[in-house]
$ cat input12.tsv   # TSV, C-alpha atoms
chain	number	residue	atom	x	y	z
A	21	MET	CA	24.79	-21.52	16.65
A	22	GLU	CA	25.11	-22.04	12.88
A	23	PRO	CA	23.46	-19.37	10.69
A	24	GLN	CA	20.27	-20.49	8.94
A	25	GLN	CA	20.72	-20.63	5.16
A	26	ILE	CA	17.74	-19.04	3.42
A	27	ARG	CA	18.58	-18.72	-0.28
A	28	GLU	CA	21.52	-19.40	-2.59
A	29	GLY	CA	22.25	-19.01	-6.28
A	30	TYR	CA	24.08	-17.04	-8.94
A	31	LEU	CA	23.83	-13.25	-9.15
A	32	VAL	CA	25.93	-10.69	-10.97
A	33	LYS	CA	27.75	-8.30	-8.61
A	34	LYS	CA	29.37	-4.95	-9.29
A	35	GLY	CA	32.96	-4.65	-8.12
A	36	THR	CA	33.51	-2.32	-5.16
A	37	LEU	CA	36.62	-0.67	-6.65
A	38	LEU	CA	36.41	-1.22	-10.39
A	39	ASN	CA	33.30	-0.68	-12.50
A	40	SER	CA	33.22	-4.36	-13.45
A	41	TRP	CA	30.38	-6.86	-13.10
A	42	LYS	CA	31.03	-10.54	-12.39
A	43	ALA	CA	28.84	-13.55	-11.73
A	44	VAL	CA	29.22	-14.79	-8.14
A	45	TRP	CA	27.67	-17.50	-5.99
A	46	VAL	CA	25.55	-15.80	-3.32
A	47	VAL	CA	24.37	-17.32	-0.03
A	48	LEU	CA	21.78	-15.48	2.08
A	49	SER	CA	21.58	-16.46	5.74
A	50	ASP	CA	19.70	-15.05	8.71
A	51	ASP	CA	22.64	-12.85	9.72
A	52	GLY	CA	24.02	-11.61	6.41
A	53	LEU	CA	24.86	-12.24	2.79
A	54	GLU	CA	28.05	-13.97	1.59
A	55	PHE	CA	29.36	-14.15	-1.98
A	56	TYR	CA	31.86	-16.58	-3.49
A	57	LYS	CA	33.89	-16.68	-6.69
A	58	LYS	CA	32.66	-20.25	-7.35
A	59	LYS	CA	29.94	-22.43	-5.87
A	60	THR	CA	32.53	-24.97	-4.71
A	61	ASP	CA	34.71	-22.41	-2.85
A	62	ARG	CA	34.84	-22.89	0.91
A	63	SER	CA	35.78	-19.31	1.80
A	64	PRO	CA	33.67	-16.33	0.69
A	65	LYS	CA	35.11	-13.35	-1.17
A	66	GLY	CA	33.08	-11.08	1.05
A	67	MET	CA	30.27	-10.81	3.58
A	68	ILE	CA	27.59	-8.12	3.74
A	69	PRO	CA	26.03	-7.54	7.18
A	70	LEU	CA	22.31	-6.85	6.84
A	71	LYS	CA	21.44	-5.43	10.27
A	72	GLY	CA	20.54	-1.79	9.73
A	73	ALA	CA	20.87	-2.17	5.95
A	74	VAL	CA	18.59	-0.52	3.40
A	75	LEU	CA	17.50	-2.26	0.18
A	76	VAL	CA	16.54	-0.33	-2.97
A	77	ASN	CA	14.58	-2.18	-5.65
A	78	PRO	CA	14.65	-1.58	-8.54
A	79	CYS	CA	17.93	0.30	-8.69
A	80	GLN	CA	18.15	2.38	-11.86
A	81	ASP	CA	21.64	3.82	-11.44
A	82	PHE	CA	23.13	2.00	-14.42
A	83	GLY	CA	21.06	2.93	-17.45
A	84	LYS	CA	20.80	-0.13	-19.65
A	85	ARG	CA	21.50	-2.54	-16.78
A	86	MET	CA	18.15	-3.89	-15.77
A	87	LEU	CA	17.12	-6.09	-12.83
A	88	VAL	CA	19.57	-4.48	-10.39
A	89	PHE	CA	18.93	-4.04	-6.67
A	90	LYS	CA	21.11	-2.17	-4.17
A	91	ILE	CA	21.99	-2.99	-0.55
A	92	THR	CA	23.37	-0.12	1.54
A	93	THR	CA	24.85	-1.26	4.85
A	94	ASP	CA	24.61	0.71	8.10
A	95	ARG	CA	28.17	1.89	7.37
A	96	LYS	CA	26.93	3.43	4.10
A	97	GLN	CA	28.65	0.91	1.83
A	98	ASP	CA	26.76	0.23	-1.40
A	99	HIS	CA	26.54	-3.24	-2.95
A	100	PHE	CA	24.87	-3.77	-6.32
A	101	PHE	CA	23.47	-7.10	-7.55
A	102	GLN	CA	21.81	-8.01	-10.83
A	103	ALA	CA	19.43	-10.96	-11.30
A	104	SER	CA	18.88	-12.87	-14.54
A	105	HIS	CA	15.13	-12.14	-14.71
A	106	VAL	CA	12.41	-10.25	-12.86
A	107	GLU	CA	11.01	-13.16	-10.86
A	108	GLU	CA	14.47	-14.15	-9.60
A	109	ARG	CA	15.17	-10.60	-8.46
A	110	GLU	CA	11.85	-10.44	-6.60
A	111	PHE	CA	12.58	-13.74	-4.78
A	112	TRP	CA	15.93	-12.39	-3.55
A	113	VAL	CA	14.54	-8.99	-2.61
A	114	LYS	CA	11.64	-10.49	-0.68
A	115	ASP	CA	13.92	-12.73	1.43
A	116	ILE	CA	16.58	-10.05	2.01
A	117	LYS	CA	13.91	-7.59	3.18
A	118	ARG	CA	12.60	-10.15	5.66
A	119	VAL	CA	16.10	-10.81	7.02
A	120	ILE	CA	16.68	-7.05	7.49
A	121	THR	CA	13.29	-6.68	9.24
A	122	CYS	CA	14.03	-9.58	11.58
A	123	LEU	CA	17.57	-8.38	12.42
A	124	ASP	CA	16.40	-4.82	13.08
A	125	GLY	CA	13.58	-6.10	15.29
A	126	GLY	CA	15.76	-8.55	17.19
A	127	ARG	CA	13.78	-11.55	15.93
A	128	LYS	CA	14.85	-14.90	14.49
A	129	PHE	CA	14.15	-15.35	10.78
A	130	ALA	CA	11.64	-18.11	10.13
A	131	ARG	CA	9.76	-19.23	7.06
A	132	LYS	CA	6.12	-18.49	7.71
A	133	SER	CA	4.04	-21.55	8.54
A	134	THR	CA	1.12	-21.10	6.18
A	135	ARG	CA	-1.23	-23.34	8.12
A	136	ARG	CA	-0.40	-21.80	11.48
A	137	SER	CA	-0.42	-18.16	10.35
A	138	ILE	CA	-3.72	-18.26	8.44
A	139	ARG	CA	-5.34	-21.33	10.08
A	140	LEU	CA	-5.37	-23.40	6.92
A	141	PRO	CA	-7.25	-26.70	7.45
A	142	ASP	CA	-5.07	-29.84	7.56
A	143	LYS	CA	-7.15	-31.51	4.84
A	144	VAL	CA	-6.23	-28.84	2.27
A	145	ASN	CA	-3.52	-29.98	-0.15
A	146	LEU	CA	-2.06	-26.85	-1.77
A	147	THR	CA	-0.03	-28.85	-4.30
A	148	GLU	CA	-3.16	-30.58	-5.62
A	149	LEU	CA	-5.07	-27.28	-5.61
A	150	TYR	CA	-2.29	-25.63	-7.62
A	151	ALA	CA	-2.41	-28.44	-10.20
A	152	LEU	CA	-6.18	-27.90	-10.60
A	153	MET	CA	-5.69	-24.17	-11.02
A	154	LYS	CA	-3.20	-24.79	-13.85
A	155	ASP	CA	-5.47	-27.22	-15.70
A	156	GLN	CA	-5.88	-25.94	-19.28
A	157	ASP	CA	-9.58	-26.75	-19.46
A	158	GLY	CA	-10.97	-26.00	-16.02
A	159	GLY	CA	-8.27	-23.93	-14.36
A	160	VAL	CA	-7.56	-20.22	-14.02
A	161	LYS	CA	-7.02	-18.70	-17.47
A	162	GLU	CA	-3.73	-16.94	-18.10
A	163	LEU	CA	-4.22	-13.63	-19.90
A	164	LYS	CA	-2.30	-10.72	-21.42
A	165	LEU	CA	-3.27	-7.71	-19.30
A	166	GLU	CA	-2.26	-4.07	-19.73
A	167	GLN	CA	-1.71	-1.82	-16.73
A	168	GLU	CA	0.08	1.53	-16.40
A	169	SER	CA	1.76	1.39	-19.83
A	170	ARG	CA	2.97	-2.15	-19.24
A	171	VAL	CA	1.78	-5.44	-20.67
A	172	PHE	CA	1.77	-8.46	-18.35
A	173	ASN	CA	1.81	-11.78	-20.19
A	174	HIS	CA	0.50	-15.06	-18.69
A	175	CYS	CA	-1.09	-13.54	-15.60
A	176	PHE	CA	-4.50	-13.11	-13.91
A	177	THR	CA	-6.13	-10.95	-11.24
A	178	GLY	CA	-6.55	-11.64	-7.55
A	179	ALA	CA	-10.32	-11.40	-7.92
A	180	THR	CA	-10.21	-14.07	-10.65
A	181	VAL	CA	-8.45	-16.50	-8.29
A	182	VAL	CA	-10.97	-15.91	-5.50
A	183	GLU	CA	-13.93	-16.36	-7.85
A	184	TRP	CA	-12.43	-19.54	-9.34
A	185	LEU	CA	-11.97	-21.09	-5.88
A	186	ILE	CA	-15.62	-20.40	-5.05
A	187	SER	CA	-16.93	-21.62	-8.42
A	188	LYS	CA	-15.01	-24.92	-8.04
A	189	GLU	CA	-16.40	-25.32	-4.49
A	190	LYS	CA	-12.94	-25.14	-2.96
A	191	ALA	CA	-14.20	-22.32	-0.74
A	192	ARG	CA	-17.67	-21.40	0.53
A	193	ASN	CA	-17.20	-17.64	0.43
A	194	ARG	CA	-14.71	-14.90	-0.43
A	195	PRO	CA	-12.96	-14.79	3.00
A	196	GLU	CA	-12.39	-18.55	2.82
A	197	ALA	CA	-11.14	-18.29	-0.78
A	198	LEU	CA	-8.85	-15.43	0.23
A	199	MET	CA	-7.36	-17.63	2.95
A	200	LEU	CA	-6.56	-20.37	0.38
A	201	ALA	CA	-5.10	-17.85	-2.08
A	202	THR	CA	-2.90	-16.42	0.67
A	203	GLY	CA	-1.68	-19.94	1.41
A	204	LEU	CA	-0.76	-20.44	-2.25
A	205	LEU	CA	1.09	-17.11	-2.24
A	206	ASN	CA	2.93	-17.89	1.00
A	207	GLU	CA	4.10	-21.26	-0.32
A	208	GLY	CA	5.35	-19.74	-3.59
A	209	PHE	CA	2.80	-21.36	-5.94
A	210	LEU	CA	1.51	-17.92	-6.92
A	211	GLN	CA	3.71	-14.85	-7.46
A	212	PRO	CA	2.85	-11.11	-7.48
A	213	ALA	CA	3.17	-9.47	-10.90
A	214	GLY	CA	2.30	-5.77	-10.57
A	215	ASP	CA	3.24	-3.05	-8.10
A	216	LEU	CA	0.04	-3.37	-6.05
A	217	SER	CA	0.29	-7.13	-5.54
A	218	LYS	CA	4.01	-6.84	-4.73
A	219	GLU	CA	3.26	-4.29	-2.01
A	220	GLY	CA	0.77	-6.72	-0.49
A	221	ALA	CA	3.25	-9.60	-0.66
A	222	GLU	CA	5.99	-7.58	1.03
A	223	SER	CA	3.88	-5.78	3.65
A	224	GLY	CA	5.49	-6.67	6.96
A	225	GLU	CA	5.73	-10.24	8.19
A	226	GLN	CA	2.31	-11.38	6.96
A	227	THR	CA	1.91	-11.84	3.22
A	228	VAL	CA	-1.33	-10.35	1.90
A	229	PHE	CA	-3.19	-11.66	-1.16
A	230	LEU	CA	-5.43	-8.99	-2.69
A	231	ASP	CA	-8.97	-9.81	-3.84
A	232	GLU	CA	-8.96	-7.04	-6.45
A	233	THR	CA	-9.30	-6.76	-10.22
A	234	ILE	CA	-6.20	-4.55	-10.44
A	235	ALA	CA	-3.93	-6.84	-8.38
A	236	LEU	CA	-2.03	-9.13	-10.78
A	237	TYR	CA	-0.50	-12.56	-10.12
A	238	TYR	CA	1.05	-15.42	-12.11
A	239	PHE	CA	1.86	-19.11	-11.71
A	240	ALA	CA	5.39	-19.68	-10.36
A	241	ASP	CA	6.39	-22.01	-13.22
A	242	SER	CA	4.59	-20.19	-16.02
A	243	GLY	CA	6.03	-18.26	-18.96
A	244	PHE	CA	5.25	-14.90	-17.32
A	245	PHE	CA	7.06	-11.83	-18.58
A	246	CYS	CA	6.36	-8.12	-18.63
A	247	GLU	CA	7.01	-5.59	-21.39
A	248	GLY	CA	6.74	-1.85	-21.45
A	249	TYR	CA	7.96	1.02	-19.33
A	250	SER	CA	7.14	2.48	-15.94
A	251	SER	CA	9.03	5.27	-14.15
A	252	ASP	CA	9.20	3.26	-10.92
A	253	GLU	CA	10.02	-0.11	-12.46
A	254	ASP	CA	12.63	-1.50	-14.80
A	255	VAL	CA	12.54	-1.01	-18.53
A	256	LEU	CA	11.64	-4.44	-19.87
A	257	LEU	CA	12.18	-4.88	-23.56
A	258	LYS	CA	9.90	-6.99	-25.72
A	259	GLU	CA	11.29	-10.47	-26.29
A	260	GLU	CA	13.42	-10.71	-29.40
A	261	PHE	CA	12.41	-14.28	-30.12
A	262	ARG	CA	9.10	-15.99	-30.71
A	263	GLY	CA	7.47	-18.34	-28.27
A	264	ASN	CA	6.72	-18.34	-24.59
A	265	ILE	CA	9.48	-18.35	-22.00
A	266	VAL	CA	9.18	-21.72	-20.28
A	267	LYS	CA	12.10	-21.29	-17.86
A	268	GLN	CA	15.05	-18.96	-17.38
A	269	GLY	CA	17.94	-18.48	-15.00
A	270	CYS	CA	21.68	-18.91	-14.51
A	271	LEU	CA	23.50	-22.22	-14.98
A	272	LEU	CA	27.15	-23.20	-15.05
A	273	LYS	CA	28.12	-24.27	-18.60
A	274	GLN	CA	31.20	-26.15	-19.81
A	275	GLY	CA	32.93	-24.64	-22.82
A	276	HIS	CA	33.44	-26.89	-25.85
A	277	LYS	CA	37.02	-25.86	-26.65
A	278	ARG	CA	38.82	-25.09	-23.41
A	279	LYS	CA	36.49	-27.20	-21.22
A	280	ASN	CA	36.36	-24.37	-18.69
A	281	TRP	CA	33.16	-23.60	-16.78
A	282	LYS	CA	31.38	-20.23	-16.83
A	283	VAL	CA	28.10	-18.88	-15.51
A	284	ARG	CA	25.60	-18.25	-18.30
A	285	LYS	CA	22.04	-16.98	-18.31
A	286	PHE	CA	19.74	-19.44	-20.12
A	287	VAL	CA	16.32	-18.70	-21.60
A	288	LEU	CA	14.21	-21.68	-22.66
A	289	ARG	CA	11.40	-21.05	-25.18
A	290	ASP	CA	8.76	-23.37	-26.59
A	291	ASP	CA	8.60	-22.01	-30.17
A	292	PRO	CA	11.03	-22.51	-31.69
A	293	ALA	CA	12.51	-25.19	-29.41
A	294	PHE	CA	15.71	-23.33	-28.58
A	295	MET	CA	17.56	-22.54	-25.38
A	296	HIS	CA	19.57	-19.34	-25.85
A	297	TYR	CA	22.40	-18.47	-23.50
A	298	TYR	CA	23.95	-15.13	-22.61
A	299	ASP	CA	26.80	-13.60	-20.64
A	300	PRO	CA	24.90	-12.38	-17.55
A	301	THR	CA	27.41	-9.56	-16.98
A	302	LYS	CA	26.85	-7.97	-20.41
A	303	GLY	CA	24.06	-7.13	-22.84
A	304	ASP	CA	21.11	-8.98	-24.33
A	305	ASP	CA	22.86	-10.44	-27.39
A	306	PRO	CA	22.98	-14.26	-27.09
A	307	LEU	CA	26.34	-16.03	-27.16
A	308	GLY	CA	24.75	-19.11	-28.67
A	309	SER	CA	21.76	-21.40	-28.67
A	310	ILE	CA	20.94	-25.08	-28.21
A	311	HIS	CA	18.40	-26.58	-30.62
A	312	LEU	CA	16.29	-28.88	-28.48
A	313	ARG	CA	13.98	-30.55	-31.01
A	314	GLY	CA	14.72	-34.28	-30.75
A	315	SER	CA	17.34	-33.81	-28.05
A	316	VAL	CA	17.95	-36.00	-25.00
A	317	VAL	CA	18.53	-34.58	-21.51
A	318	THR	CA	19.62	-36.59	-18.47
A	319	ALA	CA	21.06	-36.06	-15.02
A	320	VAL	CA	24.74	-37.06	-14.73
A	321	GLU	CA	27.04	-37.57	-11.75
A	322	PHE	CA	30.31	-36.52	-13.38
A	323	VAL	CA	31.60	-34.80	-16.52
A	324	PRO	CA	34.57	-35.99	-18.60
A	325	ASP	CA	37.56	-33.62	-18.44
A	326	ALA	CA	36.03	-31.71	-15.50
A	327	LYS	CA	38.07	-31.06	-12.39
A	328	LYS	CA	36.24	-31.77	-9.15
A	329	TYR	CA	36.95	-28.30	-7.77
A	330	ASP	CA	35.30	-26.76	-10.86
A	331	VAL	CA	31.99	-28.58	-10.55
A	332	ASP	CA	30.46	-30.81	-7.91
A	333	GLY	CA	26.94	-32.23	-8.10
A	334	ASP	CA	23.61	-31.18	-9.70
A	335	LEU	CA	24.92	-31.81	-13.23
A	336	PHE	CA	22.94	-32.64	-16.35
A	337	GLU	CA	23.71	-33.25	-20.02
A	338	ILE	CA	21.90	-32.25	-23.21
A	339	ILE	CA	22.62	-34.28	-26.35
A	340	THR	CA	21.14	-32.60	-29.43
A	341	SER	CA	19.85	-34.36	-32.54
A	342	ASP	CA	23.21	-33.74	-34.26
A	343	GLU	CA	24.96	-35.37	-31.25
A	344	THR	CA	26.46	-32.22	-29.76
A	345	HIS	CA	26.97	-32.62	-26.01
A	346	TYR	CA	26.31	-29.79	-23.53
A	347	PHE	CA	27.19	-30.17	-19.85
A	348	LEU	CA	25.44	-27.89	-17.36
A	349	GLN	CA	25.25	-27.50	-13.60
A	350	ALA	CA	22.22	-26.21	-11.68
A	351	ALA	CA	22.36	-24.45	-8.33
A	352	LYS	CA	20.74	-27.38	-6.51
A	353	ALA	CA	19.10	-30.76	-7.12
A	354	GLU	CA	15.54	-29.39	-7.21
A	355	GLU	CA	16.49	-26.81	-9.83
A	356	ARG	CA	18.24	-29.48	-11.94
A	357	LYS	CA	15.04	-31.55	-11.90
A	358	GLU	CA	12.99	-28.51	-12.99
A	359	TRP	CA	15.35	-27.77	-15.90
A	360	ILE	CA	15.37	-31.39	-17.07
A	361	THR	CA	11.57	-31.60	-16.95
A	362	ALA	CA	11.13	-28.32	-18.84
A	363	ILE	CA	13.71	-29.19	-21.52
A	364	GLN	CA	12.21	-32.65	-22.04
A	365	ALA	CA	8.75	-31.12	-22.58
A	366	VAL	CA	10.04	-28.54	-25.09
A	367	SER	CA	12.17	-31.11	-26.97
A	368	LYS	CA	9.04	-33.18	-27.63
A	369	SER	CA	6.50	-30.44	-28.36
A	370	GLY	CA	8.59	-27.53	-29.67
A	371	LYS	CA	9.23	-26.78	-33.33
$ encode --input "input12.tsv" --output "structure tokens"
Amino acid sequence: MEPQQIREGYLVKKGTLLNSWKAVWVVLSDDGLEFYKKKTDRSPKGMIPLKGAVLVNPCQDFGKRMLVFKITTDRKQDHFFQASHVEEREFWVKDIKRVITCLDGGRKFARKSTRRSIRLPDKVNLTELYALMKDQDGGVKELKLEQESRVFNHCFTGATVVEWLISKEKARNRPEALMLATGLLNEGFLQPAGDLSKEGAESGEQTVFLDETIALYYFADSGFFCEGYSSDEDVLLKEEFRGNIVKQGCLLKQGHKRKNWKVRKFVLRDDPAFMHYYDPTKGDDPLGSIHLRGSVVTAVEFVPDAKKYDVDGDLFEIITSDETHYFLQAAKAEERKEWITAIQAVSKSGK
């Protein structure tokens, strides 16, 4: 029986022999984790069995390297991975923990059916409900909240969500509102921001949404970021640039001179309308930036001068106002669509 693929994307991995970090394509399945040199490679560089494994998150063994998590196999082999931002790391950690739990318990991994697990009525449309929650006039207000020496930007409390659902007559009482909020959390519309809400989201097989004023959450596609320091969490430095982070993550970028393709971390901001890119294996100094004001972005099926084994599918092109062309590749079609939509919005409204 073929393994079930659960998550895939770019992560930075520490070498097992040398103290070097390289971007790799990672595929998580229900029986282990494989990593490849390139997305288009057919054979993995390595495979990490997850049965009996232990995951440590965050892993603070590397000083200035933030967003690292560690997997220790049952044979006591350590594997270190670094994500491009906090939310990405939490997505990976959440799924890997579930795979480990299922393997250790002899169960088959399965995405939780929100409706079946919490008895969500068939008439409830979570996508429409999420859109209402994000409405600037009548939705849930995103705030800057301070908690335990950290500042959480663009977030809100669990109690706020429950009260909003009741006030908008989406739920008759708090237990009913809590059921809807749990559905939104299960489906990934809402994400846990602080330690308390993360514990609830990762507690066993059933995700728990907390109706509390100290439990923090954020919209999945918001500009959420955290700054400050906590002894049991990563050091997150204040953003060097102005503006809200609209979207961030790793993309494959074609170089302008040699036409070779390399994995780069991209951070898209709305003010000014720039998309900065970084080497994900090194520090926080940007390698360059793309000025998006007045630019055009479109999906493309092929790239001139690109070899098929270098890139295959999920490509898009940015043409700036000075007619500079940038060719990029997303991890999958859905992610490409998200990047194009976000860049188009910033190119029209950003400064």
$ closest_residue --input "input12.tsv" --among "A:Asn193, A:Asn206, A:Ser187, A:Thr301" --to "Lys84 in chain A" --atoms "all atoms listed in the file"
A:Thr301
$ closest_residue --input "input12.tsv" --among "A:Val283, A:Cys246, A:Leu146, A:Leu288" --to "Leu210 in chain A" --atoms "only C-alpha atoms"
A:Leu146
$ residues_around --input "input12.tsv" --residues "Arg313 in chain A" --least-positions-apart "6" --cutoff "8 Å" --atoms "only C-alpha atoms" --output "number ranges by chain"
A: 293-294, 340-341, 366-371
$ write_last_selection --input "input12.tsv" --atoms "C-alpha atoms" --output "JSON list (two decimals), in the coordinates of the input"
[["chain", "number", "residue", "atom", "x", "y", "z"],
["A", 293, "ALA", "CA", 12.51, -25.19, -29.41],
["A", 294, "PHE", "CA", 15.71, -23.33, -28.58],
["A", 340, "THR", "CA", 21.14, -32.60, -29.43],
["A", 341, "SER", "CA", 19.85, -34.36, -32.54],
["A", 366, "VAL", "CA", 10.04, -28.54, -25.09],
["A", 367, "SER", "CA", 12.17, -31.11, -26.97],
["A", 368, "LYS", "CA", 9.04, -33.18, -27.63],
["A", 369, "SER", "CA", 6.50, -30.44, -28.36],
["A", 370, "GLY", "CA", 8.59, -27.53, -29.67],
["A", 371, "LYS", "CA", 9.23, -26.78, -33.33]]
$ atom_distance --input "input12.tsv" --atom1 "CA of Val32 in chain A" --atom2 "CA of Asp299 in chain A"
10.1 Å
$ closest_residue --input "input12.tsv" --among "A:Leu149, A:Leu205, A:Val144, A:Val88" --to "His105 in chain A" --atoms "only C-alpha atoms"
A:Val88
$ residues_around --input "input12.tsv" --residues "Ala235 in chain A" --least-positions-apart "3" --cutoff "9 Å" --atoms "all atoms listed in the file" --output "number ranges by chain"
A: 176-179, 212-218, 229-232
$ axis_aligned_box --input "input12.tsv" --around "range 167-175 of chain A" --padding-each-side "8 Å" --output "lines of an AutoDock Vina configuration file"
center_x = 0.6
center_y = -6.8
center_z = -18.1
size_x = 20.7
size_y = 32.6
size_z = 21.1
$ atom_distance --input "input12.tsv" --atom1 "CA of Glu355 in chain A" --atom2 "CA of Lys154 in chain A"
20.2 Å
$ atom_distance --input "input12.tsv" --atom1 "CA of Tyr30 in chain A" --atom2 "CA of Pro78 in chain A"
18.1 Å
$ residues_around --input "input12.tsv" --residues "Leu87 in chain A" --least-positions-apart "6" --cutoff "9 Å" --atoms "all atoms listed in the file" --output "list in words"
Asn77, Pro78, Cys79, Gln80, Phe101, Gln102, Ala103, Ser104, His105, Val106, Arg109, Asp254 and Val255 of chain A
$ closest_residue --input "input12.tsv" --among "A:Arg289, A:Lys58, A:Arg85, A:Lys71" --to "Val119 in chain A" --atoms "all atoms listed in the file"
A:Lys71
$ closest_residue --input "input12.tsv" --among "A:Asp61, A:Asp98, A:Asp115, A:Glu108" --to "Gly35 in chain A" --atoms "all atoms listed in the file"
A:Asp98
$ closest_residue --input "input12.tsv" --among "A:Trp359, A:Lys33, A:Phe82, A:Leu271" --to "Lys65 in chain A" --atoms "all atoms listed in the file"
A:Lys33
$ decode --input "input12.tsv" --residues "range 49-55 of chain A" --atoms "all heavy atoms" --output "PDB file, in the first residue's frame"
ATOM      1  N   SER A  49       5.209  11.701   5.008  1.00  0.00           N
ATOM      2  CA  SER A  49       4.158  10.721   4.759  1.00  0.00           C
ATOM      3  C   SER A  49       3.782  10.056   6.074  1.00  0.00           C
ATOM      4  O   SER A  49       4.350  10.365   7.127  1.00  0.00           O
ATOM      5  CB  SER A  49       4.617   9.681   3.732  1.00  0.00           C
ATOM      6  OG  SER A  49       5.733   8.957   4.237  1.00  0.00           O
ATOM      7  N   ASP A  50       2.829   9.133   6.018  1.00  0.00           N
ATOM      8  CA  ASP A  50       2.340   8.518   7.255  1.00  0.00           C
ATOM      9  C   ASP A  50       3.271   7.452   7.818  1.00  0.00           C
ATOM     10  O   ASP A  50       2.968   6.845   8.849  1.00  0.00           O
ATOM     11  CB  ASP A  50       0.935   7.940   7.055  1.00  0.00           C
ATOM     12  CG  ASP A  50       0.885   6.915   5.924  1.00  0.00           C
ATOM     13  OD1 ASP A  50       1.946   6.607   5.345  1.00  0.00           O
ATOM     14  OD2 ASP A  50      -0.223   6.441   5.620  1.00  0.00           O
ATOM     15  N   ASP A  51       4.421   7.230   7.171  1.00  0.00           N
ATOM     16  CA  ASP A  51       5.375   6.273   7.722  1.00  0.00           C
ATOM     17  C   ASP A  51       6.781   6.837   7.897  1.00  0.00           C
ATOM     18  O   ASP A  51       7.688   6.144   8.345  1.00  0.00           O
ATOM     19  CB  ASP A  51       5.434   5.005   6.862  1.00  0.00           C
ATOM     20  CG  ASP A  51       5.946   5.283   5.445  1.00  0.00           C
ATOM     21  OD1 ASP A  51       6.104   6.468   5.091  1.00  0.00           O
ATOM     22  OD2 ASP A  51       6.180   4.319   4.691  1.00  0.00           O
ATOM     23  N   GLY A  52       6.984   8.095   7.530  1.00  0.00           N
ATOM     24  CA  GLY A  52       8.300   8.683   7.703  1.00  0.00           C
ATOM     25  C   GLY A  52       8.447   9.999   6.965  1.00  0.00           C
ATOM     26  O   GLY A  52       7.479  10.543   6.423  1.00  0.00           O
ATOM     27  N   LEU A  53       9.680  10.496   6.949  1.00  0.00           N
ATOM     28  CA  LEU A  53       9.960  11.784   6.329  1.00  0.00           C
ATOM     29  C   LEU A  53      11.131  11.622   5.372  1.00  0.00           C
ATOM     30  O   LEU A  53      12.199  11.143   5.762  1.00  0.00           O
ATOM     31  CB  LEU A  53      10.273  12.815   7.428  1.00  0.00           C
ATOM     32  CG  LEU A  53      10.407  14.280   7.022  1.00  0.00           C
ATOM     33  CD1 LEU A  53       9.907  15.182   8.157  1.00  0.00           C
ATOM     34  CD2 LEU A  53      11.849  14.634   6.721  1.00  0.00           C
ATOM     35  N   GLU A  54      10.918  11.977   4.100  1.00  0.00           N
ATOM     36  CA  GLU A  54      11.966  11.893   3.082  1.00  0.00           C
ATOM     37  C   GLU A  54      12.422  13.292   2.698  1.00  0.00           C
ATOM     38  O   GLU A  54      11.623  14.226   2.714  1.00  0.00           O
ATOM     39  CB  GLU A  54      11.457  11.163   1.835  1.00  0.00           C
ATOM     40  CG  GLU A  54      11.105   9.710   2.067  1.00  0.00           C
ATOM     41  CD  GLU A  54      10.573   9.038   0.812  1.00  0.00           C
ATOM     42  OE1 GLU A  54       9.969   9.745  -0.021  1.00  0.00           O
ATOM     43  OE2 GLU A  54      10.759   7.816   0.680  1.00  0.00           O
ATOM     44  N   PHE A  55      13.712  13.431   2.346  1.00  0.00           N
ATOM     45  CA  PHE A  55      14.200  14.723   1.866  1.00  0.00           C
ATOM     46  C   PHE A  55      15.013  14.532   0.589  1.00  0.00           C
ATOM     47  O   PHE A  55      15.713  13.530   0.413  1.00  0.00           O
ATOM     48  CB  PHE A  55      15.015  15.451   2.947  1.00  0.00           C
ATOM     49  CG  PHE A  55      16.142  14.663   3.553  1.00  0.00           C
ATOM     50  CD1 PHE A  55      17.445  14.779   3.069  1.00  0.00           C
ATOM     51  CD2 PHE A  55      15.916  13.807   4.620  1.00  0.00           C
ATOM     52  CE1 PHE A  55      18.486  14.068   3.633  1.00  0.00           C
ATOM     53  CE2 PHE A  55      16.956  13.083   5.197  1.00  0.00           C
ATOM     54  CZ  PHE A  55      18.238  13.218   4.709  1.00  0.00           C
TER      55      PHE A  55
END
